[in-house]
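Listing of target.txt; format and content: compact mmCIF, C-alpha atoms.
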```txt
# COMPACT_ATOMS: atom_id res chain seq x y z
CA MET A 28 156.34 116.17 126.04
CA ALA A 29 157.27 112.63 126.88
CA SER A 30 158.84 111.75 130.20
CA SER A 31 162.47 111.53 129.23
CA GLY A 32 164.08 114.73 128.07
CA THR A 33 166.58 112.79 126.04
CA LEU A 34 164.07 112.20 123.22
CA THR A 35 164.46 114.26 120.08
CA SER A 36 161.39 115.64 118.34
CA GLY A 37 161.62 112.99 115.65
CA GLU A 38 161.84 110.22 118.21
CA TYR A 39 158.95 111.69 120.17
CA ILE A 40 156.72 111.77 117.11
CA ARG A 41 157.74 108.29 116.01
CA HIS A 42 157.10 107.02 119.52
CA HIS A 43 153.60 108.45 119.41
CA LEU A 44 152.88 106.85 116.07
CA THR A 45 153.91 103.36 117.11
CA ASN A 46 151.33 100.84 118.21
CA LEU A 47 151.67 98.52 121.14
CA THR A 48 152.25 95.37 119.16
CA PHE A 49 151.96 91.79 120.25
CA GLY A 50 153.23 89.08 117.97
CA PRO A 51 155.76 86.34 117.18
CA LYS A 52 159.31 87.45 117.90
CA ALA A 53 162.40 86.50 115.96
CA ASP A 54 163.27 83.76 118.47
CA GLY A 55 159.88 82.08 117.99
CA SER A 56 158.26 83.18 121.24
CA TRP A 57 155.27 85.55 121.34
CA GLY A 58 155.45 88.84 123.14
CA ILE A 59 155.21 92.61 123.09
CA ALA A 60 157.55 94.43 120.75
CA HIS A 61 159.82 97.05 122.31
CA SER A 62 161.20 98.64 119.18
CA ALA A 63 160.19 99.51 115.64
CA GLU A 64 162.56 96.85 114.30
CA GLU A 65 160.92 94.17 116.39
CA ILE A 66 157.50 95.25 115.12
CA SER A 67 158.48 95.07 111.48
CA GLU A 68 159.99 91.63 112.08
CA MET A 69 156.68 90.37 113.49
CA GLY A 70 154.98 90.78 110.14
CA PHE A 71 151.41 89.91 109.42
CA TRP A 72 150.54 87.93 112.54
CA ALA A 73 151.22 90.80 114.91
CA VAL A 74 148.32 92.39 116.74
CA HIS A 75 147.96 96.03 117.75
CA ILE A 76 146.79 95.55 121.31
CA ASP A 77 146.22 99.26 121.97
CA SER A 78 144.07 99.79 118.86
CA LEU A 79 142.02 96.70 119.56
CA PHE A 80 141.65 97.47 123.26
CA TRP A 81 140.52 101.06 122.78
CA SER A 82 138.30 100.25 119.84
CA PHE A 83 136.67 97.40 121.74
CA ALA A 84 136.38 99.52 124.89
CA MET A 85 134.75 102.39 123.01
CA GLY A 86 132.34 100.08 121.18
CA ALA A 87 131.50 98.24 124.38
CA LEU A 88 130.96 101.52 126.25
CA PHE A 89 128.57 102.73 123.59
CA LEU A 90 126.72 99.42 123.39
CA LEU A 91 126.51 99.00 127.16
CA PHE A 92 125.08 102.46 127.64
CA PHE A 93 122.63 102.18 124.75
CA SER A 94 121.52 98.63 125.54
CA ARG A 95 121.00 99.52 129.21
CA ILE A 96 118.69 102.31 128.14
CA ALA A 97 117.06 100.10 125.53
CA LYS A 98 116.43 97.39 128.12
CA ARG A 99 114.20 99.60 130.25
CA VAL A 100 112.90 101.70 127.39
CA THR A 101 109.39 102.98 127.78
CA ALA A 102 106.92 104.15 125.19
CA GLY A 103 105.60 106.61 127.75
CA VAL A 104 107.33 109.78 128.93
CA PRO A 105 111.10 109.21 128.50
CA GLU A 106 113.67 110.10 131.12
CA ASN A 107 116.64 112.24 130.12
CA ALA A 108 119.04 109.41 129.23
CA GLN A 109 116.38 107.71 127.16
CA GLY A 110 115.63 111.01 125.48
CA PHE A 111 119.28 111.29 124.47
CA VAL A 112 119.39 107.75 123.08
CA GLU A 113 116.10 108.33 121.27
CA MET A 114 117.50 111.49 119.75
CA VAL A 115 120.52 109.59 118.38
CA VAL A 116 118.35 106.72 117.17
CA GLU A 117 115.94 109.08 115.41
CA PHE A 118 118.81 111.03 113.87
CA ILE A 119 120.20 107.79 112.41
CA ASP A 120 116.73 106.65 111.37
CA ASP A 121 116.10 109.91 109.50
CA ASN A 122 119.42 109.66 107.69
CA VAL A 123 118.91 106.03 106.75
CA ARG A 124 115.39 106.76 105.52
CA SER A 125 116.60 109.62 103.34
CA SER A 126 119.42 107.74 101.64
CA PHE A 127 118.37 104.09 101.82
CA SER A 128 115.44 103.25 99.56
CA GLY A 129 115.19 99.50 100.11
CA LYS A 130 113.81 97.52 102.99
CA SER A 131 116.30 96.11 105.45
CA ASP A 132 116.44 95.67 109.20
CA ILE A 133 120.25 95.61 109.32
CA VAL A 134 121.16 98.93 107.68
CA ALA A 135 119.84 101.18 110.45
CA PRO A 136 121.54 99.36 113.36
CA LEU A 137 124.65 99.14 111.19
CA ALA A 138 124.58 102.89 110.70
CA LEU A 139 123.95 103.49 114.40
CA THR A 140 126.86 101.26 115.41
CA ILE A 141 129.21 102.87 112.92
CA PHE A 142 128.29 106.44 113.80
CA CYS A 143 128.47 106.04 117.57
CA TRP A 144 131.46 103.74 117.61
CA ILE A 145 133.57 105.85 115.24
CA PHE A 146 132.54 108.98 117.11
CA MET A 147 133.71 107.41 120.37
CA MET A 148 136.99 106.24 118.83
CA ASN A 149 137.59 109.65 117.29
CA PHE A 150 136.71 111.26 120.58
CA MET A 151 139.82 109.68 122.10
CA ASP A 152 141.67 112.24 119.99
CA LEU A 153 140.45 115.00 122.29
CA ILE A 154 142.17 113.48 125.29
CA PRO A 155 145.57 115.17 125.63
CA VAL A 156 147.99 113.15 123.49
CA ASP A 157 150.49 112.45 126.25
CA LEU A 158 148.12 111.69 129.12
CA ILE A 159 147.35 107.99 128.70
CA PRO A 160 150.68 106.99 127.06
CA LEU A 161 152.56 108.68 129.92
CA ILE A 162 150.56 106.93 132.63
CA LEU A 163 150.96 103.58 130.89
CA GLU A 164 154.68 104.17 130.30
CA LYS A 165 155.10 104.49 134.06
CA ALA A 166 153.45 101.06 134.29
CA GLY A 167 155.96 99.63 131.82
CA VAL A 168 153.93 99.70 128.61
CA PRO A 169 156.35 100.77 125.85
CA TYR A 170 153.94 102.18 123.28
CA GLN A 171 150.39 103.43 123.31
CA LYS A 172 148.21 104.86 120.52
CA VAL A 173 144.88 105.69 122.08
CA VAL A 174 142.96 106.78 118.99
CA PRO A 175 141.98 103.55 117.23
CA SER A 176 140.77 105.36 114.10
CA THR A 177 144.33 106.53 113.41
CA ASP A 178 145.23 102.88 112.85
CA PRO A 179 144.58 101.82 109.23
CA ASN A 180 143.94 98.28 110.46
CA VAL A 181 140.92 99.53 112.36
CA THR A 182 139.47 101.66 109.59
CA PHE A 183 140.14 98.95 107.01
CA GLY A 184 138.63 96.35 109.29
CA MET A 185 135.42 98.36 109.44
CA SER A 186 135.29 99.28 105.78
CA LEU A 187 135.95 95.66 104.82
CA GLY A 188 133.18 94.60 107.17
CA VAL A 189 130.88 96.98 105.33
CA PHE A 190 132.28 95.74 102.00
CA PHE A 191 131.47 92.11 102.82
CA LEU A 192 127.99 93.01 103.99
CA MET A 193 127.59 94.88 100.71
CA ILE A 194 128.69 91.86 98.64
CA TYR A 195 126.50 89.58 100.75
CA TYR A 196 123.37 91.68 100.30
CA SER A 197 124.12 92.28 96.61
CA ILE A 198 124.12 88.54 96.04
CA ALA A 199 121.21 87.90 98.41
CA LYS A 200 119.02 90.55 96.77
CA LYS A 201 119.96 90.20 93.10
CA GLY A 202 121.26 86.67 92.97
CA LEU A 203 124.73 85.69 91.79
CA GLY A 204 123.64 86.27 88.19
CA GLY A 205 122.28 89.73 88.89
CA PHE A 206 125.39 90.72 90.78
CA SER A 207 127.72 89.46 88.02
CA ALA A 208 125.58 91.18 85.42
CA GLU A 209 125.97 94.39 87.37
CA LEU A 210 129.74 93.93 87.27
CA THR A 211 129.94 93.03 83.56
CA MET A 212 127.07 94.70 81.68
CA HIS A 213 127.85 98.28 82.68
CA PRO A 214 128.83 100.98 81.93
CA PHE A 215 129.10 99.98 78.23
CA GLU A 216 125.92 98.34 77.04
CA SER A 217 125.03 96.72 73.77
CA LYS A 218 122.13 94.79 72.31
CA ASN A 219 124.48 92.81 70.08
CA ILE A 220 125.58 89.57 71.74
CA VAL A 221 129.06 89.57 70.14
CA LEU A 222 129.64 93.16 71.15
CA LYS A 223 128.34 92.32 74.60
CA ILE A 224 130.95 89.61 75.04
CA LEU A 225 133.64 91.90 73.66
CA LEU A 226 132.68 94.64 76.12
CA LEU A 227 132.52 92.23 79.04
CA PRO A 228 136.18 92.40 80.13
CA ILE A 229 136.27 96.20 79.81
CA ASN A 230 133.13 96.54 81.86
CA PHE A 231 134.38 94.10 84.43
CA PHE A 232 137.67 95.92 84.77
CA LEU A 233 135.98 99.29 85.26
CA GLU A 234 133.37 97.97 87.66
CA ALA A 235 135.89 95.94 89.64
CA VAL A 236 138.08 99.00 90.12
CA GLY A 237 135.04 100.97 91.21
CA LEU A 238 133.95 98.23 93.59
CA LEU A 239 137.37 97.71 95.14
CA ALA A 240 137.94 101.45 95.43
CA LYS A 241 134.93 101.68 97.77
CA PRO A 242 136.40 100.04 100.89
CA VAL A 243 139.78 101.67 100.25
CA SER A 244 138.46 105.21 99.93
CA HIS A 245 135.95 104.55 102.71
CA SER A 246 138.63 103.62 105.22
CA LEU A 247 141.41 105.92 104.01
CA ARG A 248 139.16 108.97 104.33
CA LEU A 249 138.59 108.31 108.02
CA PHE A 250 142.14 107.18 108.65
CA GLY A 251 143.67 110.15 106.82
CA ASN A 252 141.59 112.73 108.64
CA MET A 253 142.14 111.24 112.05
CA TYR A 254 145.84 110.59 111.47
CA ALA A 255 146.38 114.16 110.35
CA GLY A 256 144.42 115.52 113.31
CA GLU A 257 146.41 113.39 115.72
CA MET A 258 149.64 114.47 114.07
CA ILE A 259 148.77 118.12 114.59
CA PHE A 260 148.06 117.45 118.26
CA ILE A 261 151.46 115.76 118.54
CA LEU A 262 153.19 118.66 116.78
CA ILE A 263 151.46 121.17 119.05
CA SER A 264 152.47 119.21 122.11
CA LEU A 265 156.09 119.40 120.95
CA MET A 266 155.90 123.11 121.79
CA PHE A 267 155.36 122.36 125.47
CA GLY A 268 158.94 121.22 125.85
CA SER A 269 160.46 124.56 124.89
CA SER A 270 160.13 128.10 126.24
CA ILE A 271 157.25 129.49 128.32
CA ILE A 272 155.93 131.63 125.48
CA LEU A 273 155.82 128.62 123.16
CA SER A 274 154.15 126.56 125.86
CA VAL A 275 151.41 129.13 126.41
CA SER A 276 150.79 129.63 122.70
CA GLY A 277 150.92 125.84 122.34
CA GLY A 278 148.16 125.56 124.94
CA ALA A 279 146.08 128.13 123.06
CA LEU A 280 146.68 126.30 119.78
CA GLN A 281 145.79 122.99 121.31
CA PHE A 282 142.53 124.43 122.60
CA ILE A 283 141.66 125.94 119.21
CA TRP A 284 142.53 122.75 117.36
CA ALA A 285 140.55 120.67 119.87
CA VAL A 286 137.47 122.85 119.39
CA PHE A 287 137.84 122.55 115.64
CA HIS A 288 138.43 118.85 116.02
CA ILE A 289 135.07 118.35 117.75
CA LEU A 290 133.58 119.20 114.37
CA VAL A 291 136.02 116.96 112.51
CA ILE A 292 135.47 113.84 114.61
CA THR A 293 131.68 114.17 114.37
CA LEU A 294 131.82 114.89 110.68
CA GLN A 295 134.12 111.95 109.95
CA ALA A 296 131.88 109.58 111.90
CA PHE A 297 128.88 110.97 110.02
CA ILE A 298 130.56 110.65 106.61
CA PHE A 299 131.60 107.06 107.31
CA MET A 300 128.01 106.28 108.30
CA VAL A 301 126.43 107.99 105.29
CA LEU A 302 128.80 106.23 102.88
CA THR A 303 127.98 102.92 104.51
CA VAL A 304 124.26 103.58 104.04
CA VAL A 305 124.81 104.62 100.43
CA TYR A 306 126.86 101.47 99.69
CA MET A 307 124.18 99.34 101.30
CA ASP A 308 121.56 101.12 99.22
CA MET A 309 123.55 100.30 96.07
CA ALA A 310 123.70 96.69 97.18
CA HIS A 311 119.94 96.52 97.69
CA SER A 312 118.74 98.44 94.64
CA HIS A 313 118.35 97.08 91.13
CA HIS A 314 119.59 98.95 88.11
CA MET B 11 151.53 101.69 109.75
CA ASN B 12 151.61 97.95 109.42
CA ILE B 13 148.68 96.09 108.05
CA ASN B 14 148.36 92.94 110.06
CA VAL B 15 145.93 90.59 111.73
CA THR B 16 144.57 93.50 113.81
CA LEU B 17 142.40 94.20 110.78
CA PHE B 18 140.56 90.89 111.08
CA TRP B 19 140.05 91.27 114.80
CA GLN B 20 138.58 94.69 114.18
CA MET B 21 136.32 93.26 111.49
CA LEU B 22 135.17 90.57 113.90
CA PHE B 23 134.44 93.16 116.60
CA PHE B 24 132.64 95.22 114.03
CA LEU B 25 130.30 92.46 112.90
CA ALA B 26 129.69 91.36 116.51
CA PHE B 27 128.89 94.92 117.57
CA VAL B 28 126.53 95.40 114.65
CA TRP B 29 124.73 92.20 115.59
CA PHE B 30 124.57 93.22 119.25
CA SER B 31 123.37 96.71 118.37
CA LYS B 32 120.65 95.33 116.13
CA LYS B 33 119.42 92.88 118.75
CA PHE B 34 119.75 94.84 121.97
CA VAL B 35 119.72 98.50 120.99
CA TRP B 36 117.98 99.19 117.72
CA GLY B 37 115.16 96.67 118.08
CA PRO B 38 113.86 97.79 121.49
CA MET B 39 114.49 101.49 120.85
CA ILE B 40 112.72 101.64 117.50
CA GLY B 41 109.96 99.43 118.92
CA ALA B 42 109.34 101.89 121.74
CA LEU B 43 109.50 104.84 119.36
CA ASN B 44 106.98 103.24 117.03
CA GLU B 45 104.78 102.33 119.96
CA ARG B 46 104.81 105.93 121.16
CA LYS B 47 104.10 107.07 117.62
CA THR B 48 101.01 104.87 117.41
CA THR B 49 99.95 105.96 120.90
CA ILE B 50 100.20 109.61 119.89
CA ALA B 51 98.44 108.96 116.60
CA ASP B 52 95.68 107.09 118.42
CA GLY B 53 95.38 109.90 120.95
CA LEU B 54 95.10 112.50 118.21
CA ALA B 55 92.54 110.40 116.36
CA ALA B 56 90.57 109.97 119.59
CA ALA B 57 90.69 113.72 120.21
CA ASP B 58 89.46 114.34 116.68
CA LYS B 59 86.69 111.82 117.18
CA GLY B 60 85.79 113.43 120.50
CA GLN B 61 85.59 116.85 118.90
CA GLN B 62 83.44 115.48 116.12
CA ALA B 63 81.19 113.75 118.65
CA GLU B 64 80.93 116.97 120.63
CA ALA B 65 79.91 118.94 117.55
CA GLU B 66 77.40 116.26 116.68
CA GLY B 67 76.09 116.30 120.23
CA VAL B 68 75.67 120.07 120.15
CA LYS B 69 73.81 119.75 116.87
CA GLN B 70 71.64 117.03 118.33
CA VAL B 71 70.89 119.08 121.42
CA GLU B 72 69.93 122.03 119.25
CA GLN B 73 67.65 119.76 117.28
CA PHE B 74 66.12 118.47 120.48
CA VAL B 75 65.57 121.98 121.79
CA ALA B 76 63.95 123.08 118.54
CA GLN B 77 61.77 119.99 118.54
CA ALA B 78 60.79 120.58 122.17
CA LYS B 79 59.96 124.20 121.38
CA THR B 80 57.66 123.29 118.50
CA GLN B 81 56.15 120.54 120.57
CA ALA B 82 55.53 122.90 123.46
CA SER B 83 53.93 125.53 121.25
CA GLU B 84 51.83 122.81 119.67
CA ILE B 85 50.72 121.63 123.07
CA VAL B 86 49.93 125.19 124.14
CA SER B 87 47.90 125.91 121.03
CA ASN B 88 46.16 122.57 121.38
CA ALA B 89 45.34 123.36 124.97
CA GLU B 90 44.09 126.79 124.01
CA LYS B 91 41.88 125.28 121.34
CA GLN B 92 40.67 122.63 123.71
CA GLY B 93 39.95 125.28 126.35
CA GLY B 94 37.97 127.31 123.84
CA ASP B 95 36.11 124.22 122.84
CA ILE B 96 35.31 123.42 126.43
CA ILE B 97 34.15 126.96 127.06
CA ASP B 98 31.98 126.86 123.97
CA GLU B 99 30.54 123.53 125.01
CA MET B 100 29.86 124.75 128.51
CA ARG B 101 28.26 127.84 127.14
CA GLU B 102 26.08 125.74 124.88
CA GLN B 103 25.20 123.46 127.74
CA ALA B 104 24.37 126.40 129.95
CA ARG B 105 22.15 127.92 127.30
CA ALA B 106 20.37 124.62 126.75
CA GLU B 107 19.94 124.21 130.50
CA SER B 108 18.60 127.69 130.91
CA GLU B 109 16.22 127.19 128.01
CA ARG B 110 15.06 123.94 129.52
CA ILE B 111 14.54 125.58 132.90
CA LEU B 112 12.75 128.46 131.20
CA ALA B 113 10.50 126.10 129.25
CA ALA B 114 9.72 124.12 132.39
CA ALA B 115 8.90 127.32 134.25
CA ARG B 116 6.65 128.50 131.44
CA GLU B 117 4.87 125.20 131.37
CA GLU B 118 4.36 125.30 135.12
CA ILE B 119 3.12 128.82 134.89
CA GLU B 120 0.70 127.74 132.22
CA THR B 121 -0.60 124.77 134.19
CA GLU B 122 -0.85 126.88 137.29
CA THR B 123 -2.76 129.51 135.29
CA ASN B 124 -5.03 126.87 133.88
CA LYS B 125 -5.57 125.38 137.31
CA ALA B 126 -6.32 128.83 138.69
CA LYS B 127 -8.63 129.49 135.77
CA ASP B 128 -10.40 126.18 136.35
CA SER B 129 -10.82 126.81 140.07
CA LEU B 130 -11.90 130.35 139.32
CA ARG B 131 -14.41 129.01 136.83
CA GLY B 132 -15.77 126.62 139.46
CA GLN B 133 -15.92 129.35 142.04
CA VAL B 134 -17.53 131.76 139.55
CA SER B 135 -20.17 129.17 138.65
CA ALA B 136 -20.77 128.52 142.35
CA LEU B 137 -20.95 132.23 142.92
CA ALA B 138 -23.28 132.62 139.99
CA VAL B 139 -25.49 129.86 141.36
CA ALA B 140 -25.43 131.39 144.83
CA GLY B 141 -26.21 134.81 143.31
CA ALA B 142 -29.01 133.45 141.25
CA GLN B 143 -30.40 131.67 144.32
CA GLN B 144 -30.28 134.85 146.18
CA ILE B 145 -32.01 136.66 143.35
CA LEU B 146 -34.62 133.98 142.76
CA LYS B 147 -34.98 133.21 146.42
CA ARG B 148 -35.61 129.77 145.57
CA GLU B 149 -33.86 126.60 145.10
CA VAL B 150 -32.41 126.14 141.77
CA ASP B 151 -32.28 122.58 140.86
CA GLU B 152 -28.61 122.03 140.44
CA LYS B 153 -29.30 118.93 138.53
CA ALA B 154 -31.64 120.62 136.16
CA HIS B 155 -29.37 123.49 135.56
CA SER B 156 -26.03 121.89 135.62
CA ASP B 157 -25.87 121.81 131.86
CA LEU B 158 -26.51 125.47 131.78
CA LEU B 159 -23.98 126.13 134.46
CA ASP B 160 -21.36 124.09 132.71
CA GLN B 161 -21.96 126.02 129.57
CA LEU B 162 -21.52 129.21 131.51
CA ALA B 163 -18.40 128.02 133.17
CA ALA B 164 -16.96 127.04 129.80
CA LYS B 165 -17.58 130.47 128.49
CA LEU B 166 -15.65 132.11 131.32
```

Same coordinates, now as structure tokens:
Amino acid sequence: MASSGTLTSGEYIRHHLTNLTFGPKADGSWGIAHSAEEISEMGFWAVHIDSLFWSFAMGALFLLFFSRIAKRVTAGVPENAQGFVEMVVEFIDDNVRSSFSGKSDIVAPLALTIFCWIFMMNFMDLIPVDLIPLILEKAGVPYQKVVPSTDPNVTFGMSLGVFFLMIYYSIAKKGLGGFSAELTMHPFESKNIVLKILLLPINFFLEAVGLLAKPVSHSLRLFGNMYAGEMIFILISLMFGSSIILSVSGGALQFIWAVFHILVITLQAFIFMVLTVVYMDMAHSHH
Amino acid sequence: MNINVTLFWQMLFFLAFVWFSKKFVWGPMIGALNERKTTIADGLAAADKGQQAEAEGVKQVEQFVAQAKTQASEIVSNAEKQGGDIIDEMREQARAESERILAAAREEIETETNKAKDSLRGQVSALAVAGAQQILKREVDEKAHSDLLDQLAAKL
């Protein structure tokens, strides 16, 4: 439970679900918001410092470790750390090979980055929910959400990144004409030119919905799973504030949920990666 | 749950990380993996080749041994034949030599016999003359009777 005993359960949960936000304040100056009202006043130009910091830190940690190994990689007998990195790389390579039929030198590193980075971000969920926020609160930081993948900005940022890569490679591989044809000539096809033109808006509507649904479902799947998992951790940790029996059973519950969550965080990272590879495959393949 | 500019920062990080990962992680790692793959493949191919070469070598050695065996038996039989030939030749030579020696001995015997006969004849005729002289108690003219004596000697 949070430091001050004066918090109600609702306040505690809300506190845990609020990002550390930096943005333009009502008086025109820029600064860190100290209340939910201030955050909503900041609007679009606000930045979630905690999400960005942890997501960047996790990505940088992964890349530093992997690139350090890759720098002194040897084709001979690998040491243990290299063996681990090779295992991950080969796992990604196998998955990309099985679901990506085209030829591209960006899809595999993309998949590797997504899998490892999202896994690392999700892994922050296994750190006790109160630990880092409590330490930082003592240092005067009002809010802290340490799991970046529970921030829709983060998941949307990644899925939109994938989406733009997808559009880019669609156009690069099939040309603007091929890409537009894909959006307007399916799913209803006709040999008749008049019928073709008549079907064009219907096809475009259906395809556009399908296309735009991709980044939304892609990011919401990850966000929803991680947000729900985090919420359960928060609810469990509410039990620690009450009686001894509840605290003990809360500890047991937290352990069980954490063990289960190991599966969830890996699976969510894997699903995000596989969907990315599938989308990239769609972008590269001709109909 | 506010959607704000965080999203674009995250997207920027994302693209930068993907670029970094491609350049500094994926490239070297997959390069090393492929290199090891080719090394292993080469090693296996070399082992295969070695095994093949060994089998071929064994076959070759067997061939050599068989060849050597036939050659050796050929040489032995040749030598045997040659030995027999030599023995035959020597035998022939020896026989010819012995015959020659025998013939020479016979001839010598004959000449010796003839010589002995001749000398005997001379001695007999001399004896006959001496006997006749004794009987006749007178000189027999050797000149006058030499024809007669020669005839006698020839008859002996």

Practice task
Could you jot down the CA of Tyr306 (chain A) to CA of Gly237 (chain A) separation for me, Å, one decimal place?
Solution key: 11.8 Å

Would you tabulate, counting all atoms listed in the file, all residues of chain A that have an atom at most 9 Å from an atom of chain B, showing the closest pair of atoms and their distance in Å to one decimal, sorted by chain then ascending number, as a tab-separated table?
```
residue	atom	partner	partner_atom	distance
A:Leu44	CA	B:Met11	CA	8.3
A:Thr45	CA	B:Met11	CA	7.9
A:Asn46	CA	B:Met11	CA	8.5
A:Ile66	CA	B:Asn12	CA	8.6
A:Ser67	CA	B:Asn12	CA	7.7
A:Gly70	CA	B:Asn14	CA	7.0
A:Phe71	CA	B:Asn14	CA	4.3
A:Trp72	CA	B:Val15	CA	5.4
A:Ala73	CA	B:Asn14	CA	6.0
A:Val74	CA	B:Thr16	CA	4.9
A:His75	CA	B:Thr16	CA	5.8
A:Ile76	CA	B:Thr16	CA	8.1
A:Ser78	CA	B:Thr16	CA	8.1
A:Leu79	CA	B:Gln20	CA	6.7
A:Ser82	CA	B:Gln20	CA	7.9
A:Phe83	CA	B:Phe23	CA	7.0
A:Gly86	CA	B:Phe27	CA	7.2
A:Ala87	CA	B:Phe27	CA	8.0
A:Leu90	CA	B:Ser31	CA	6.6
A:Phe93	CA	B:Val35	CA	6.0
A:Ser94	CA	B:Val35	CA	4.9
A:Arg95	CA	B:Val35	CA	8.4
A:Ile96	CA	B:Val35	CA	8.2
A:Ala97	CA	B:Val35	CA	5.5
A:Lys98	CA	B:Pro38	CA	7.1
A:Arg99	CA	B:Pro38	CA	9.0
A:Val100	CA	B:Ala42	CA	6.7
A:Thr101	CA	B:Ala42	CA	6.1
A:Ala102	CA	B:Ala42	CA	4.8
A:Gly103	CA	B:Arg46	CA	6.7
A:Val112	CA	B:Met39	CA	8.3
A:Glu113	CA	B:Met39	CA	7.0
A:Val116	CA	B:Met39	CA	7.5
A:Glu117	CA	B:Ile40	CA	8.4
A:Asp120	CA	B:Ile40	CA	8.9
A:Asp132	CA	B:Lys32	CA	8.1
A:Ile133	CA	B:Lys32	CA	6.8
A:Ala135	CA	B:Trp36	CA	7.8
A:Pro136	CA	B:Lys32	CA	5.0
A:Leu137	CA	B:Val28	CA	5.4
A:Ala138	CA	B:Val28	CA	8.7
A:Leu139	CA	B:Ser31	CA	7.9
A:Thr140	CA	B:Val28	CA	5.9
A:Ile141	CA	B:Val28	CA	8.1
A:Asp178	CA	B:Met11	CA	7.1
A:Pro179	CA	B:Met11	CA	7.0
A:Asn180	CA	B:Leu17	CA	4.4
A:Val181	CA	B:Gln20	CA	5.7
A:Thr182	CA	B:Leu17	CA	8.1
A:Phe183	CA	B:Leu17	CA	6.5
A:Gly184	CA	B:Met21	CA	4.4
A:Met185	CA	B:Met21	CA	5.6
A:Ser186	CA	B:Met21	CA	8.4
A:Leu187	CA	B:Met21	CA	7.1
A:Gly188	CA	B:Met21	CA	5.5
A:Val189	CA	B:Leu25	CA	8.8
```

Where's the centre, and what are the edge lengths in Å to one decimal, of a box along x, y and z enclosing all listed atoms of region 52-56 of chain B padded 5 Å per side, as AutoDock Vina command-line options?
```
--center_x 93.1 --center_y 109.8 --center_z 118.7 --size_x 15.1 --size_y 15.4 --size_z 14.6
```

Practice task
Please indicate the distance in Å from CA of Ile97 (chain B) to CA of Ser83 (chain B), rounded to one decimal place.
Solution key: 20.7 Å

Exercise for the section: Between CA of Gly278 (chain A) and CA of Ile159 (chain A), measure the distance and give it in Å to one decimal. Expected result: 18.0 Å

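For Ser312 (chain A), the residues within 10 Å (counting all atoms listed in the file, excluding itself and residues fewer than 6 positions away along the chain) are Phe127, Ser128, Gly129, Lys130, Tyr196, Ser197, Lys200 and Lys201 of chain A.
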
Let's have the selection written as a PDB file, in the frame of the given file, with C-alpha atoms.
```
ATOM      1  CA  PHE A 127     118.370 104.090 101.820  1.00  0.00           C
ATOM      2  CA  SER A 128     115.440 103.250  99.560  1.00  0.00           C
ATOM      3  CA  GLY A 129     115.190  99.500 100.110  1.00  0.00           C
ATOM      4  CA  LYS A 130     113.810  97.520 102.990  1.00  0.00           C
ATOM      5  CA  TYR A 196     123.370  91.680 100.300  1.00  0.00           C
ATOM      6  CA  SER A 197     124.120  92.280  96.610  1.00  0.00           C
ATOM      7  CA  LYS A 200     119.020  90.550  96.770  1.00  0.00           C
ATOM      8  CA  LYS A 201     119.960  90.200  93.100  1.00  0.00           C
TER       9      LYS A 201
END
```

Practice task
Could you tell me which of A:Phe215, A:Phe299, A:Phe260, A:Tyr170 comes closest to His42 (chain A) if we count all atoms listed in the file?
Solution key: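 Answer, going by the shortest atom-to-atom distance: A:Tyr170.
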
Exercise for the section: Within 10 Å of region 132-134 of chain B, counting only C-alpha atoms, which residues show up once you throw out same-chain ones fewer than 5 positions away? Write them as a list in words, please. Expected result: Ala126, Lys127, Val139, Ala140, Gly141, Leu159, Asp160, Leu162, Ala163, Ala164 and Leu166 of chain B

Practice task
Find the residue from A:Leu302, A:Tyr195, A:Met151, A:Val174 that sits nearest to Arg248 (chain A); use all atoms listed in the file when measuring.
Solution key: A:Leu302
